[in-house]
Structure formats: C-alpha cells, structure tokens
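**Q** Handing over model28.json, JSON, C-alpha atoms.
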[["chain", "number", "residue", "atom", "x", "y", "z"],
["D", 13, "MET", "CA", -17.07, 16.53, 81.41],
["D", 14, "LYS", "CA", -18.91, 13.23, 80.84],
["D", 15, "GLN", "CA", -20.07, 14.42, 77.39],
["D", 16, "MET", "CA", -16.50, 15.32, 76.45],
["D", 17, "LYS", "CA", -15.33, 11.87, 77.55],
["D", 18, "ASN", "CA", -18.02, 10.18, 75.42],
["D", 19, "ASN", "CA", -17.12, 12.32, 72.40],
["D", 20, "MET", "CA", -13.46, 11.37, 72.78],
["D", 21, "MET", "CA", -14.45, 7.68, 72.81],
["D", 22, "LEU", "CA", -16.37, 8.12, 69.55],
["D", 23, "LEU", "CA", -13.51, 10.08, 67.99],
["D", 24, "LEU", "CA", -11.08, 7.30, 68.94],
["D", 25, "THR", "CA", -13.51, 4.78, 67.41],
["D", 26, "ALA", "CA", -13.47, 6.71, 64.12],
["D", 27, "LEU", "CA", -9.66, 6.87, 64.20],
["D", 28, "ILE", "CA", -9.36, 3.10, 64.75],
["D", 29, "TRP", "CA", -11.84, 2.33, 61.97],
["D", 30, "GLY", "CA", -10.15, 4.77, 59.59],
["D", 31, "CYS", "CA", -6.71, 3.23, 60.13],
["D", 32, "ALA", "CA", -8.26, -0.23, 59.68],
["D", 33, "PHE", "CA", -8.48, 0.45, 55.94],
["D", 34, "VAL", "CA", -4.67, 0.46, 55.87],
["D", 35, "ALA", "CA", -4.56, -2.83, 57.79],
["D", 36, "GLN", "CA", -7.05, -4.36, 55.35],
["D", 37, "SER", "CA", -4.98, -3.21, 52.38],
["D", 38, "VAL", "CA", -1.64, -4.42, 53.77],
["D", 39, "GLY", "CA", -3.12, -7.70, 55.03],
["D", 40, "MET", "CA", -4.08, -8.78, 51.54],
["D", 41, "ASP", "CA", -0.43, -8.71, 50.48],
["D", 42, "TYR", "CA", -0.28, -12.03, 52.33],
["D", 43, "VAL", "CA", -3.76, -13.60, 52.33],
["D", 44, "GLY", "CA", -6.97, -13.49, 50.30],
["D", 45, "PRO", "CA", -10.00, -11.33, 51.17],
["D", 46, "PHE", "CA", -12.06, -14.19, 52.62],
["D", 47, "THR", "CA", -9.15, -15.48, 54.69],
["D", 48, "PHE", "CA", -8.47, -12.02, 56.09],
["D", 49, "ASN", "CA", -12.14, -11.48, 57.04],
["D", 50, "CYS", "CA", -12.55, -14.97, 58.48],
["D", 51, "VAL", "CA", -9.56, -14.64, 60.80],
["D", 52, "ARG", "CA", -10.23, -11.02, 61.84],
["D", 53, "CYS", "CA", -13.91, -11.68, 62.63],
["D", 54, "ILE", "CA", -13.28, -14.80, 64.70],
["D", 55, "LEU", "CA", -10.49, -12.95, 66.51],
["D", 56, "GLY", "CA", -12.87, -10.04, 67.13],
["D", 57, "SER", "CA", -15.43, -12.40, 68.58],
["D", 58, "LEU", "CA", -12.87, -13.96, 70.93],
["D", 59, "VAL", "CA", -11.71, -10.52, 72.08],
["D", 60, "LEU", "CA", -15.26, -9.59, 73.09],
["D", 61, "VAL", "CA", -15.67, -12.66, 75.35],
["D", 62, "PRO", "CA", -13.55, -11.25, 78.22],
["D", 63, "VAL", "CA", -15.21, -7.85, 77.64],
["D", 64, "ILE", "CA", -18.59, -9.47, 78.28],
["D", 65, "PHE", "CA", -17.38, -11.04, 81.54],
["D", 66, "LEU", "CA", -15.76, -7.76, 82.58],
["D", 67, "MET", "CA", -18.92, -5.75, 81.97],
["D", 68, "ASP", "CA", -21.03, -8.35, 83.79],
["D", 69, "GLY", "CA", -18.66, -8.16, 86.74],
["D", 70, "LEU", "CA", -18.87, -4.36, 86.82],
["D", 71, "LYS", "CA", -22.68, -4.45, 86.72],
["D", 72, "LYS", "CA", -22.74, -6.94, 89.57],
["D", 73, "LYS", "CA", -20.27, -4.84, 91.54],
["D", 74, "ASN", "CA", -22.46, -1.76, 91.00],
["D", 75, "GLY", "CA", -25.41, -3.54, 92.56],
["D", 76, "MET", "CA", -27.35, -4.66, 89.48],
["D", 77, "SER", "CA", -29.44, -7.71, 90.35],
["D", 78, "GLU", "CA", -29.46, -10.97, 88.38],
["D", 79, "ASN", "CA", -32.98, -10.27, 87.08],
["D", 80, "GLU", "CA", -31.92, -6.81, 85.87],
["D", 81, "ARG", "CA", -28.91, -8.28, 84.08],
["D", 82, "LYS", "CA", -31.07, -10.93, 82.41],
["D", 83, "LYS", "CA", -33.55, -8.29, 81.32],
["D", 84, "GLU", "CA", -30.73, -6.21, 79.81],
["D", 85, "ARG", "CA", -29.38, -9.25, 77.94],
["D", 86, "GLY", "CA", -32.79, -9.83, 76.38],
["D", 87, "ASP", "CA", -34.43, -13.00, 75.09],
["D", 88, "THR", "CA", -31.85, -15.63, 74.11],
["D", 89, "LYS", "CA", -33.59, -16.53, 70.83],
["D", 90, "THR", "CA", -33.76, -12.87, 69.80],
["D", 91, "LEU", "CA", -30.12, -12.38, 70.79],
["D", 92, "VAL", "CA", -28.95, -15.33, 68.68],
["D", 93, "ALA", "CA", -31.22, -14.43, 65.75],
["D", 94, "GLY", "CA", -29.98, -10.83, 65.81],
["D", 95, "GLY", "CA", -26.34, -11.88, 65.97],
["D", 96, "ILE", "CA", -26.72, -14.34, 63.07],
["D", 97, "CYS", "CA", -28.62, -11.85, 60.87],
["D", 98, "CYS", "CA", -26.07, -9.11, 61.54],
["D", 99, "GLY", "CA", -23.20, -11.54, 60.99],
["D", 100, "VAL", "CA", -24.40, -12.74, 57.58],
["D", 101, "VAL", "CA", -24.90, -9.18, 56.32],
["D", 102, "LEU", "CA", -21.55, -8.10, 57.80],
["D", 103, "ALA", "CA", -19.78, -10.99, 56.03],
["D", 104, "VAL", "CA", -21.17, -9.88, 52.65],
["D", 105, "ALA", "CA", -20.38, -6.19, 53.28],
["D", 106, "SER", "CA", -16.84, -6.75, 54.56],
["D", 107, "SER", "CA", -16.04, -9.18, 51.72],
["D", 108, "LEU", "CA", -17.16, -6.63, 49.11],
["D", 109, "GLN", "CA", -15.01, -4.04, 50.88],
["D", 110, "GLN", "CA", -11.97, -6.31, 50.90],
["D", 111, "PHE", "CA", -12.30, -7.01, 47.16],
["D", 112, "GLY", "CA", -12.74, -3.29, 46.53],
["D", 113, "ILE", "CA", -9.57, -2.41, 48.44],
["D", 114, "LEU", "CA", -7.65, -4.75, 46.10],
["D", 115, "PHE", "CA", -8.38, -2.40, 43.20],
["D", 116, "THR", "CA", -8.72, 1.07, 44.76],
["D", 117, "THR", "CA", -6.92, 3.26, 47.27],
["D", 118, "VAL", "CA", -7.47, 3.33, 51.02],
["D", 119, "GLY", "CA", -8.70, 6.92, 50.85],
["D", 120, "LYS", "CA", -11.31, 6.21, 48.18],
["D", 121, "ALA", "CA", -12.50, 3.10, 50.02],
["D", 122, "GLY", "CA", -12.96, 5.10, 53.21],
["D", 123, "PHE", "CA", -14.94, 7.86, 51.59],
["D", 124, "ILE", "CA", -17.16, 5.62, 49.46],
["D", 125, "THR", "CA", -17.89, 3.35, 52.43],
["D", 126, "ALA", "CA", -18.96, 6.47, 54.38],
["D", 127, "MET", "CA", -21.85, 6.88, 51.96],
["D", 128, "TYR", "CA", -23.79, 4.46, 54.17],
["D", 129, "ILE", "CA", -24.61, 7.44, 56.37],
["D", 130, "VAL", "CA", -26.55, 8.95, 53.47],
["D", 131, "LEU", "CA", -27.93, 5.64, 52.18],
["D", 132, "VAL", "CA", -29.41, 4.52, 55.51],
["D", 133, "PRO", "CA", -32.25, 7.10, 55.54],
["D", 134, "VAL", "CA", -33.02, 6.32, 51.89],
["D", 135, "LEU", "CA", -33.30, 2.58, 52.55],
["D", 136, "GLY", "CA", -35.31, 3.39, 55.67],
["D", 137, "ILE", "CA", -38.20, 4.43, 53.40],
["D", 138, "PHE", "CA", -38.73, 0.77, 52.51],
["D", 139, "VAL", "CA", -39.18, -0.16, 56.18],
["D", 140, "GLY", "CA", -41.63, 2.64, 56.89],
["D", 141, "LYS", "CA", -39.25, 5.38, 57.99],
["D", 142, "LYS", "CA", -39.78, 8.95, 56.73],
["D", 143, "ILE", "CA", -37.10, 10.73, 54.73],
["D", 144, "ARG", "CA", -36.42, 14.44, 55.16],
["D", 145, "PRO", "CA", -36.13, 16.64, 52.04],
["D", 146, "LEU", "CA", -32.65, 17.54, 53.27],
["D", 147, "ILE", "CA", -31.54, 13.94, 52.74],
["D", 148, "ILE", "CA", -32.53, 14.05, 49.07],
["D", 149, "GLY", "CA", -30.13, 16.96, 48.62],
["D", 150, "CYS", "CA", -27.44, 15.04, 50.49],
["D", 151, "VAL", "CA", -27.82, 12.05, 48.17],
["D", 152, "LEU", "CA", -27.42, 14.29, 45.09],
["D", 153, "LEU", "CA", -24.38, 15.98, 46.66],
["D", 154, "ALA", "CA", -22.82, 12.61, 47.54],
["D", 155, "VAL", "CA", -23.39, 11.30, 44.00],
["D", 156, "ALA", "CA", -21.66, 14.42, 42.63],
["D", 157, "GLY", "CA", -18.75, 13.80, 45.00],
["D", 158, "LEU", "CA", -18.61, 10.16, 43.94],
["D", 159, "TYR", "CA", -18.39, 11.25, 40.31],
["D", 160, "PHE", "CA", -15.35, 13.47, 40.91],
["D", 161, "LEU", "CA", -13.72, 10.93, 43.22],
["D", 162, "CYS", "CA", -14.17, 7.75, 41.21],
["D", 163, "MET", "CA", -15.08, 8.37, 37.59],
["D", 164, "THR", "CA", -12.29, 7.78, 35.08],
["D", 165, "GLY", "CA", -11.80, 9.59, 31.78],
["D", 166, "LYS", "CA", -14.13, 7.04, 30.19],
["D", 167, "LEU", "CA", -16.94, 8.02, 32.57],
["D", 168, "SER", "CA", -17.00, 4.62, 34.24],
["D", 169, "LEU", "CA", -16.57, 3.41, 37.79],
["D", 170, "GLY", "CA", -13.41, 1.49, 38.53],
["D", 171, "VAL", "CA", -13.83, -2.14, 39.57],
["D", 172, "GLY", "CA", -12.66, -1.46, 43.10],
["D", 173, "ASP", "CA", -14.89, 1.62, 43.45],
["D", 174, "LEU", "CA", -17.91, -0.41, 42.35],
["D", 175, "PHE", "CA", -17.19, -3.15, 44.91],
["D", 176, "VAL", "CA", -16.84, -0.59, 47.71],
["D", 177, "LEU", "CA", -20.02, 1.18, 46.58],
["D", 178, "MET", "CA", -21.91, -2.12, 46.82],
["D", 179, "CYS", "CA", -20.26, -2.58, 50.22],
["D", 180, "ALA", "CA", -21.68, 0.78, 51.34],
["D", 181, "LEU", "CA", -25.14, -0.34, 50.26],
["D", 182, "VAL", "CA", -24.90, -3.62, 52.20],
["D", 183, "PHE", "CA", -23.47, -1.79, 55.24],
["D", 184, "SER", "CA", -26.59, 0.39, 55.11],
["D", 185, "VAL", "CA", -28.70, -2.76, 55.40],
["D", 186, "HIS", "CA", -26.43, -3.89, 58.24],
["D", 187, "ILE", "CA", -27.09, -0.66, 60.16],
["D", 188, "LEU", "CA", -30.86, -1.07, 59.72],
["D", 189, "VAL", "CA", -30.69, -4.67, 60.98],
["D", 190, "ILE", "CA", -28.73, -3.52, 64.03],
["D", 191, "ASP", "CA", -31.24, -0.71, 64.54],
["D", 192, "HIS", "CA", -33.98, -3.36, 64.76],
["D", 193, "PHE", "CA", -32.24, -5.79, 67.13],
["D", 194, "SER", "CA", -30.01, -3.61, 69.33],
["D", 195, "PRO", "CA", -32.81, -2.15, 71.52],
["D", 196, "LEU", "CA", -33.96, -5.69, 72.31],
["D", 197, "VAL", "CA", -30.71, -7.35, 73.43],
["D", 198, "ASP", "CA", -27.25, -6.74, 74.90],
["D", 199, "GLY", "CA", -25.12, -5.07, 72.21],
["D", 200, "VAL", "CA", -21.75, -6.59, 73.12],
["D", 201, "ARG", "CA", -23.13, -10.14, 73.23],
["D", 202, "MET", "CA", -24.89, -9.65, 69.90],
["D", 203, "SER", "CA", -21.65, -8.29, 68.45],
["D", 204, "ALA", "CA", -19.70, -11.36, 69.60],
["D", 205, "ILE", "CA", -22.26, -13.64, 67.89],
["D", 206, "GLN", "CA", -22.19, -11.37, 64.86],
["D", 207, "PHE", "CA", -18.41, -11.60, 64.42],
["D", 208, "LEU", "CA", -18.40, -15.36, 64.98],
["D", 209, "THR", "CA", -21.14, -15.79, 62.36],
["D", 210, "ALA", "CA", -19.35, -13.52, 59.88],
["D", 211, "GLY", "CA", -16.12, -15.46, 60.41],
["D", 212, "LEU", "CA", -17.83, -18.81, 59.77],
["D", 213, "VAL", "CA", -19.62, -17.48, 56.67],
["D", 214, "CYS", "CA", -16.31, -16.20, 55.24],
["D", 215, "ALA", "CA", -14.66, -19.54, 56.08],
["D", 216, "VAL", "CA", -16.74, -21.34, 53.41],
["D", 217, "PRO", "CA", -15.41, -19.41, 50.36],
["D", 218, "MET", "CA", -12.01, -19.22, 52.08],
["D", 219, "PHE", "CA", -11.60, -23.01, 51.99],
["D", 220, "LEU", "CA", -13.28, -23.31, 48.57],
["D", 221, "TRP", "CA", -11.25, -20.73, 46.67],
["D", 222, "GLU", "CA", -8.26, -19.50, 48.65],
["D", 223, "ALA", "CA", -6.56, -22.54, 50.24],
["D", 224, "PRO", "CA", -5.26, -20.59, 53.25],
["D", 225, "LYS", "CA", -1.88, -21.45, 54.73],
["D", 226, "ALA", "CA", -0.94, -20.97, 58.36],
["D", 227, "GLY", "CA", 2.37, -19.43, 57.30],
["D", 228, "ASP", "CA", 0.65, -16.75, 55.23],
["D", 229, "ILE", "CA", -1.74, -15.89, 58.07],
["D", 230, "LEU", "CA", 1.17, -15.63, 60.50],
["D", 231, "ALA", "CA", 3.01, -13.40, 58.02],
["D", 232, "ALA", "CA", 0.00, -11.07, 58.09],
["D", 233, "TRP", "CA", -0.24, -11.16, 61.89],
["D", 234, "MET", "CA", 0.09, -7.40, 62.40],
["D", 235, "PRO", "CA", -2.74, -6.17, 60.09],
["D", 236, "VAL", "CA", -4.94, -9.13, 61.09],
["D", 237, "LEU", "CA", -4.35, -8.44, 64.77],
["D", 238, "TYR", "CA", -5.17, -4.75, 64.33],
["D", 239, "ALA", "CA", -8.32, -5.43, 62.32],
["D", 240, "GLY", "CA", -9.50, -8.14, 64.71],
["D", 241, "VAL", "CA", -8.60, -6.73, 68.11],
["D", 242, "MET", "CA", -8.70, -2.97, 67.51],
["D", 243, "SER", "CA", -11.28, -2.52, 64.74],
["D", 244, "CYS", "CA", -13.70, -5.28, 65.74],
["D", 245, "GLY", "CA", -13.16, -5.64, 69.49],
["D", 246, "VAL", "CA", -11.94, -2.34, 70.93],
["D", 247, "ALA", "CA", -13.63, 0.10, 68.54],
["D", 248, "TYR", "CA", -17.03, -1.55, 68.78],
["D", 249, "THR", "CA", -16.87, -1.50, 72.58],
["D", 250, "LEU", "CA", -15.84, 2.16, 72.56],
["D", 251, "GLN", "CA", -18.76, 2.93, 70.26],
["D", 252, "ILE", "CA", -21.23, 1.31, 72.65],
["D", 253, "LEU", "CA", -19.82, 3.15, 75.67],
["D", 254, "GLY", "CA", -19.51, 6.46, 73.83],
["D", 255, "GLN", "CA", -23.02, 6.46, 72.41],
["D", 256, "LYS", "CA", -24.63, 5.63, 75.75],
["D", 257, "HIS", "CA", -24.97, 9.29, 76.77],
["D", 258, "ALA", "CA", -24.22, 11.02, 73.46],
["D", 259, "ASP", "CA", -26.50, 12.96, 71.15],
["D", 260, "PRO", "CA", -27.17, 10.70, 68.11],
["D", 261, "ALA", "CA", -26.43, 13.46, 65.57],
["D", 262, "VAL", "CA", -23.11, 14.32, 67.23],
["D", 263, "ALA", "CA", -22.22, 10.61, 67.56],
["D", 264, "SER", "CA", -22.89, 9.94, 63.86],
["D", 265, "LEU", "CA", -20.87, 12.96, 62.83],
["D", 266, "LEU", "CA", -17.89, 11.90, 64.95],
["D", 267, "LEU", "CA", -18.02, 8.31, 63.67],
["D", 268, "SER", "CA", -18.23, 9.50, 60.06],
["D", 269, "LEU", "CA", -14.75, 11.00, 60.52],
["D", 270, "GLU", "CA", -13.41, 7.49, 59.85],
["D", 271, "SER", "CA", -13.45, 8.48, 56.17],
["D", 272, "VAL", "CA", -11.10, 11.40, 56.84],
["D", 273, "PHE", "CA", -8.82, 9.25, 58.97],
["D", 274, "SER", "CA", -8.69, 6.61, 56.22],
["D", 275, "VAL", "CA", -7.39, 9.20, 53.75],
["D", 276, "LEU", "CA", -4.82, 10.52, 56.24],
["D", 277, "ALA", "CA", -3.73, 6.98, 57.11],
["D", 278, "GLY", "CA", -3.37, 6.05, 53.44],
["D", 279, "TRP", "CA", -1.26, 9.16, 52.87],
["D", 280, "ALA", "CA", 0.88, 8.84, 56.01],
["D", 281, "ILE", "CA", 1.45, 5.07, 56.02],
["D", 282, "LEU", "CA", 1.06, 3.88, 52.42],
["D", 283, "GLY", "CA", 2.09, 7.04, 50.58],
["D", 284, "GLN", "CA", -1.17, 7.09, 48.56],
["D", 285, "LYS", "CA", -2.11, 10.45, 47.03],
["D", 286, "LEU", "CA", -5.32, 12.00, 45.71],
["D", 287, "SER", "CA", -5.46, 14.41, 42.77],
["D", 288, "GLY", "CA", -7.13, 17.81, 43.07],
["D", 289, "ARG", "CA", -10.22, 16.43, 41.31],
["D", 290, "GLU", "CA", -10.41, 13.49, 43.70],
["D", 291, "LEU", "CA", -9.92, 15.75, 46.73],
["D", 292, "PHE", "CA", -12.81, 17.91, 45.52],
["D", 293, "GLY", "CA", -14.95, 14.77, 45.32],
["D", 294, "CYS", "CA", -13.94, 13.90, 48.89],
["D", 295, "VAL", "CA", -14.97, 17.39, 50.06],
["D", 296, "LEU", "CA", -18.40, 17.08, 48.40],
["D", 297, "MET", "CA", -19.01, 13.62, 49.86],
["D", 298, "PHE", "CA", -17.89, 14.66, 53.33],
["D", 299, "ALA", "CA", -20.14, 17.74, 53.11],
["D", 300, "ALA", "CA", -23.08, 15.46, 52.26],
["D", 301, "ILE", "CA", -22.24, 13.23, 55.24],
["D", 302, "ILE", "CA", -22.13, 16.19, 57.63],
["D", 303, "ILE", "CA", -25.33, 17.82, 56.32],
["D", 304, "ALA", "CA", -27.17, 14.49, 56.55],
["D", 305, "GLN", "CA", -26.55, 14.48, 60.31],
["D", 306, "LEU", "CA", -28.10, 17.91, 60.95],
["D", 307, "PRO", "CA", -31.09, 17.51, 63.30],
["D", 308, "GLU", "CA", -34.55, 18.36, 62.01],
["D", 309, "LYS", "CA", -35.96, 21.61, 63.38],
["D", 310, "ASP", "CA", -38.88, 21.31, 65.75],
["D", 311, "ARG", "CA", -41.87, 22.39, 63.69],
["D", 312, "LYS", "CA", -43.85, 23.16, 66.82],
["D", 313, "MET", "CA", -41.20, 25.65, 67.86],
["D", 314, "GLU", "CA", -41.26, 27.21, 64.38],
["D", 315, "GLY", "CA", -45.03, 27.64, 64.54]]
Before we go any further, please render this structure as structure tokens.

**A**
Amino acid sequence: MKQMKNNMMLLLTALIWGCAFVAQSVGMDYVGPFTFNCVRCILGSLVLVPVIFLMDGLKKKNGMSENERKKERGDTKTLVAGGICCGVVLAVASSLQQFGILFTTVGKAGFITAMYIVLVPVLGIFVGKKIRPLIIGCVLLAVAGLYFLCMTGKLSLGVGDLFVLMCALVFSVHILVIDHFSPLVDGVRMSAIQFLTAGLVCAVPMFLWEAPKAGDILAAWMPVLYAGVMSCGVAYTLQILGQKHADPAVASLLLSLESVFSVLAGWAILGQKLSGRELFGCVLMFAAIIIAQLPEKDRKMEG
C-alpha cells in the first residue's frame, strides 16, 4: 500500500511537470523567457519556505531530536554551496528551455528534454561512473527518434529544437550536481536555495534585455503561478516524498512520463498536433527512455 502511494506521488509529479510545458508556452505570450524564469523560480523558493517549517514541525512531533534534525540538514556551507551550484545550472537549463519553447511545440520540447535520462549515464563516464552497453543502444535509439521528431526536409534541426536539446544536456549536468550534493544535505532546503539562486541569476539578463513590466507579469499570473507553485514547489516536494521508499528504476520511469503528459497537454490545451513521422520519433525516444531505466542483471546470480 505504501509503495502504491509513493508511485502515485511520482506519477502526479510527472503530470505536473508535463503540464508545466503548456504554462511555459502560454506565459511567454506576456513576458520574456528570463522574466518568466526569474518570477517562477523566486515564487518556487518562497513556496518551499512554509514546507520546510511544516516538515521540521512534523519531525519534531514524531520525536526526532534537535541533533538528529541538524545532522539531516547537513553542513551549512555544503548546503549553501550545493544550492548555489544547482541554481546556476538550473538557470541556464531553464532559460535554454524557455527560448526553445518559443520556436517549437510543447510536445517536442517535452520529449527532447526527456533525453536527459539517457544523457545522464553518458556524462557520468566523465565523473568516473561506468556505463552499461545497454545505454549505448539507448543513445542510438534516442538519436534516431530525435531525427524523426525534429529534422526538417533540409536535414537540419529547428532553432527551438536545438535550444531544447542543449537544455537537455545542461539538465543532465544539473542531475549529476544534485546527485553529488543531495546525500549530504536536506533536499527541500537545498531546493529553496537553488530556486532563489536561479531566480537571481535570471534577473540579471531580465533587467538588461527585457525591461519587465508589472502589468505584463500580472497578465501572466496564471501560467507563472502554476510554474512557480505547482512545478517548482509542489512537484519537487512530491518527488522527494515519493522517492523516499521507491525503487530508483521505477521512480525514474514514472518521472519520465512527463514527456508523454507534455504531448497530451499540448494537444488538449493548445491544440498542437504531431504528424505520423513525429509521433514515430516520439515512440522511439520514449522506448529509449524506458529501456535506459531497466535494472542491470546481477552477474553473480547469472553465474
């Protein structure tokens, strides 16, 4: 029963993230990419503040001592360093994604972004992590899917597709940075620092190049509110709670469904359609994402 509850949390997280692509697309009808990211990230950080106090209160109520809570929070310097590092990388990734969504569809953006699940193990080689032969096949399958999904008649990537592909690469780095810091500190606190940092980083180009107006931000209140509160605040918290007792392979597979939800949301809300060729590309990429999550067989058992 507990496992089912955790899986439902992760599924809801994927649904929220998938629908966030629609919010990001609609939001930029009113404000620029940097303005949208700045406001949503700072809002996400503020939303997590009461979550932190709530979780601390629950831990105290459940009998966790002050020393145990401090140990769980981790070293303050490491916590701040982790939050800042994650925030800077997140700001770059989310900005690339926002620019990409200006020139491509919600469905394409969702599927291309999901390539981070395949890219993470590949980048892991450079930090000393081993790569399974299966992953090599997944990369080739994902590249084939990307070809059918994004390539035009002139055999070139569209501008928006290229931005989102770079976003997927930077998100892969983001996941590896989180993988390094998350075991050392409290995840929700690090996330709050991360969103605040990302918001401040995006504020610099926002004021330099976009001249944001309060009226425009208020006009985009609905997509900004969804992206900030739901995508950043609620979904991230659900992910932490859901993954606490979940099998990593199952958790990754459930979260990767955000790409499917982004296509469905784009079709249902924005009326965006994919051709048969593009749908075939989506199928290949999603197959690569699923296969990449298959657990490695225990060689000792095989022997």

**Q** Could you work out how far atom CA of D:Gly86 lies from atom CA of D:Met67, giving the answer in Å with one decimal?

**A** 15.5 Å

**Q** Might you pull out every residue within 10 Å of D:Leu188, with all atoms listed in the file counted and same-chain residues fewer than 2 positions away left off, and present them as a VMD selection string?

**A** chain D and resid 98 132 to 133 135 to 136 139 182 to 186 190 to 194

**Q** Report, in Å to a single decimal, how far apart atom CA of D:Phe115 and atom CA of D:Ser37 are.

**A**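 One can read the atom CA of D:Ser37 to atom CA of D:Phe115 distance as 9.8 Å.
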
**Q** Skip D:Leu296 itself and residues of its chain fewer than 5 positions away, then list as a PyMOL selection string all residues within 12 Å of it, counting only C-alpha atoms.

**A** chain D and resi 123-124+127+149-161+289-291+301-303

**Q** Between atom CA of D:Gly122 and atom CA of D:Gly30, what distance in Å does the model show, to one decimal?

**A** 7.0 Å

**Q** So that each row is one residue of stretch 166-235 of chain D with an atom at most 10 Å from stretch 239-255 of chain D, can you give its shortest atom pair and the distance in Å to one decimal, using all atoms listed in the file, rows by chain and rising number, as JSON lines?

**A**
{"residue": "D:Gly199", "atom": "CA", "partner": "D:Ile252", "partner_atom": "CA", "distance": 7.5}
{"residue": "D:Val200", "atom": "CA", "partner": "D:Thr249", "partner_atom": "CA", "distance": 7.1}
{"residue": "D:Ser203", "atom": "CA", "partner": "D:Tyr248", "partner_atom": "CA", "distance": 8.2}
{"residue": "D:Ala204", "atom": "CA", "partner": "D:Gly245", "partner_atom": "CA", "distance": 8.7}
{"residue": "D:Phe207", "atom": "CA", "partner": "D:Cys244", "partner_atom": "CA", "distance": 8.0}
{"residue": "D:Trp233", "atom": "CA", "partner": "D:Ala239", "partner_atom": "CA", "distance": 9.9}
{"residue": "D:Met234", "atom": "CA", "partner": "D:Ala239", "partner_atom": "CA", "distance": 8.6}
{"residue": "D:Pro235", "atom": "CA", "partner": "D:Ala239", "partner_atom": "CA", "distance": 6.1}

**Q** Go through D:Met202, D:Cys50, D:Leu22, D:Ala226 and flag the residue nearest D:Lys89, using only C-alpha atoms for the distances.

**A**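 Going through D:Met202, D:Cys50, D:Leu22, D:Ala226 one by one, the smallest distance to D:Lys89 is for D:Met202.
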
**Q** Restricting the calculation to all atoms listed in the file, which member of D:Trp221, D:Ile54, D:Val197, D:Val38 is positioned closest to D:Arg81?

**A**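 Looking only at the distances to D:Arg81, the closest residue turns out to be D:Val197.
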
**Q** Nearest residue to D:Gln15 out of D:Ala263, D:Leu60, D:Val171, D:Ala93, using all atoms listed in the file?

**A**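 Once distances to D:Gln15 are computed over all atoms listed in the file, the minimum belongs to D:Ala263.
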
**Q** Using only C-alpha atoms, which of D:Leu230, D:Ser271, D:Ala280, D:Ala304 sits nearest D:Ala26?

**A**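 Counting only C-alpha atoms, the residue closest to D:Ala26 is D:Ser271.
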
**Q** Which one of D:Trp279, D:Leu70, D:Arg201, D:Gly227 sits closest to D:Val92 if you count only C-alpha atoms?

**A**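 Among D:Trp279, D:Leu70, D:Arg201, D:Gly227, it is D:Arg201 that comes nearest to D:Val92.
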
**Q** Smallest atom-to-atom distance to D:Cys214: which of D:Ser77, D:Val104, D:Tyr42, D:Ile28, using all atoms listed in the file?

**A**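 The closest residue to D:Cys214 is D:Val104.
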
**Q** What lies within 12 Å of D:Thr117 using all atoms listed in the file, ignoring chain neighbours under 3 positions off, as a ChimeraX atom specification?

**A** /D:33-34,36-38,109-114,120-124,161-162,170-173,176,274-279,282-286,290

**Q** Write the residues you've just listed into a file as a short mmCIF file (atom, residue, chain, number, x, y, z; two decimals), in the coordinates of the input, and include C-alpha atoms for each of them.

**A**
data_model
loop_
_atom_site.label_atom_id
_atom_site.label_comp_id
_atom_site.auth_asym_id
_atom_site.auth_seq_id
_atom_site.Cartn_x
_atom_site.Cartn_y
_atom_site.Cartn_z
CA PHE D 33 -8.48 0.45 55.94
CA VAL D 34 -4.67 0.46 55.87
CA GLN D 36 -7.05 -4.36 55.35
CA SER D 37 -4.98 -3.21 52.38
CA VAL D 38 -1.64 -4.42 53.77
CA GLN D 109 -15.01 -4.04 50.88
CA GLN D 110 -11.97 -6.31 50.90
CA PHE D 111 -12.30 -7.01 47.16
CA GLY D 112 -12.74 -3.29 46.53
CA ILE D 113 -9.57 -2.41 48.44
CA LEU D 114 -7.65 -4.75 46.10
CA LYS D 120 -11.31 6.21 48.18
CA ALA D 121 -12.50 3.10 50.02
CA GLY D 122 -12.96 5.10 53.21
CA PHE D 123 -14.94 7.86 51.59
CA ILE D 124 -17.16 5.62 49.46
CA LEU D 161 -13.72 10.93 43.22
CA CYS D 162 -14.17 7.75 41.21
CA GLY D 170 -13.41 1.49 38.53
CA VAL D 171 -13.83 -2.14 39.57
CA GLY D 172 -12.66 -1.46 43.10
CA ASP D 173 -14.89 1.62 43.45
CA VAL D 176 -16.84 -0.59 47.71
CA SER D 274 -8.69 6.61 56.22
CA VAL D 275 -7.39 9.20 53.75
CA LEU D 276 -4.82 10.52 56.24
CA ALA D 277 -3.73 6.98 57.11
CA GLY D 278 -3.37 6.05 53.44
CA TRP D 279 -1.26 9.16 52.87
CA LEU D 282 1.06 3.88 52.42
CA GLY D 283 2.09 7.04 50.58
CA GLN D 284 -1.17 7.09 48.56
CA LYS D 285 -2.11 10.45 47.03
CA LEU D 286 -5.32 12.00 45.71
CA GLU D 290 -10.41 13.49 43.70
#
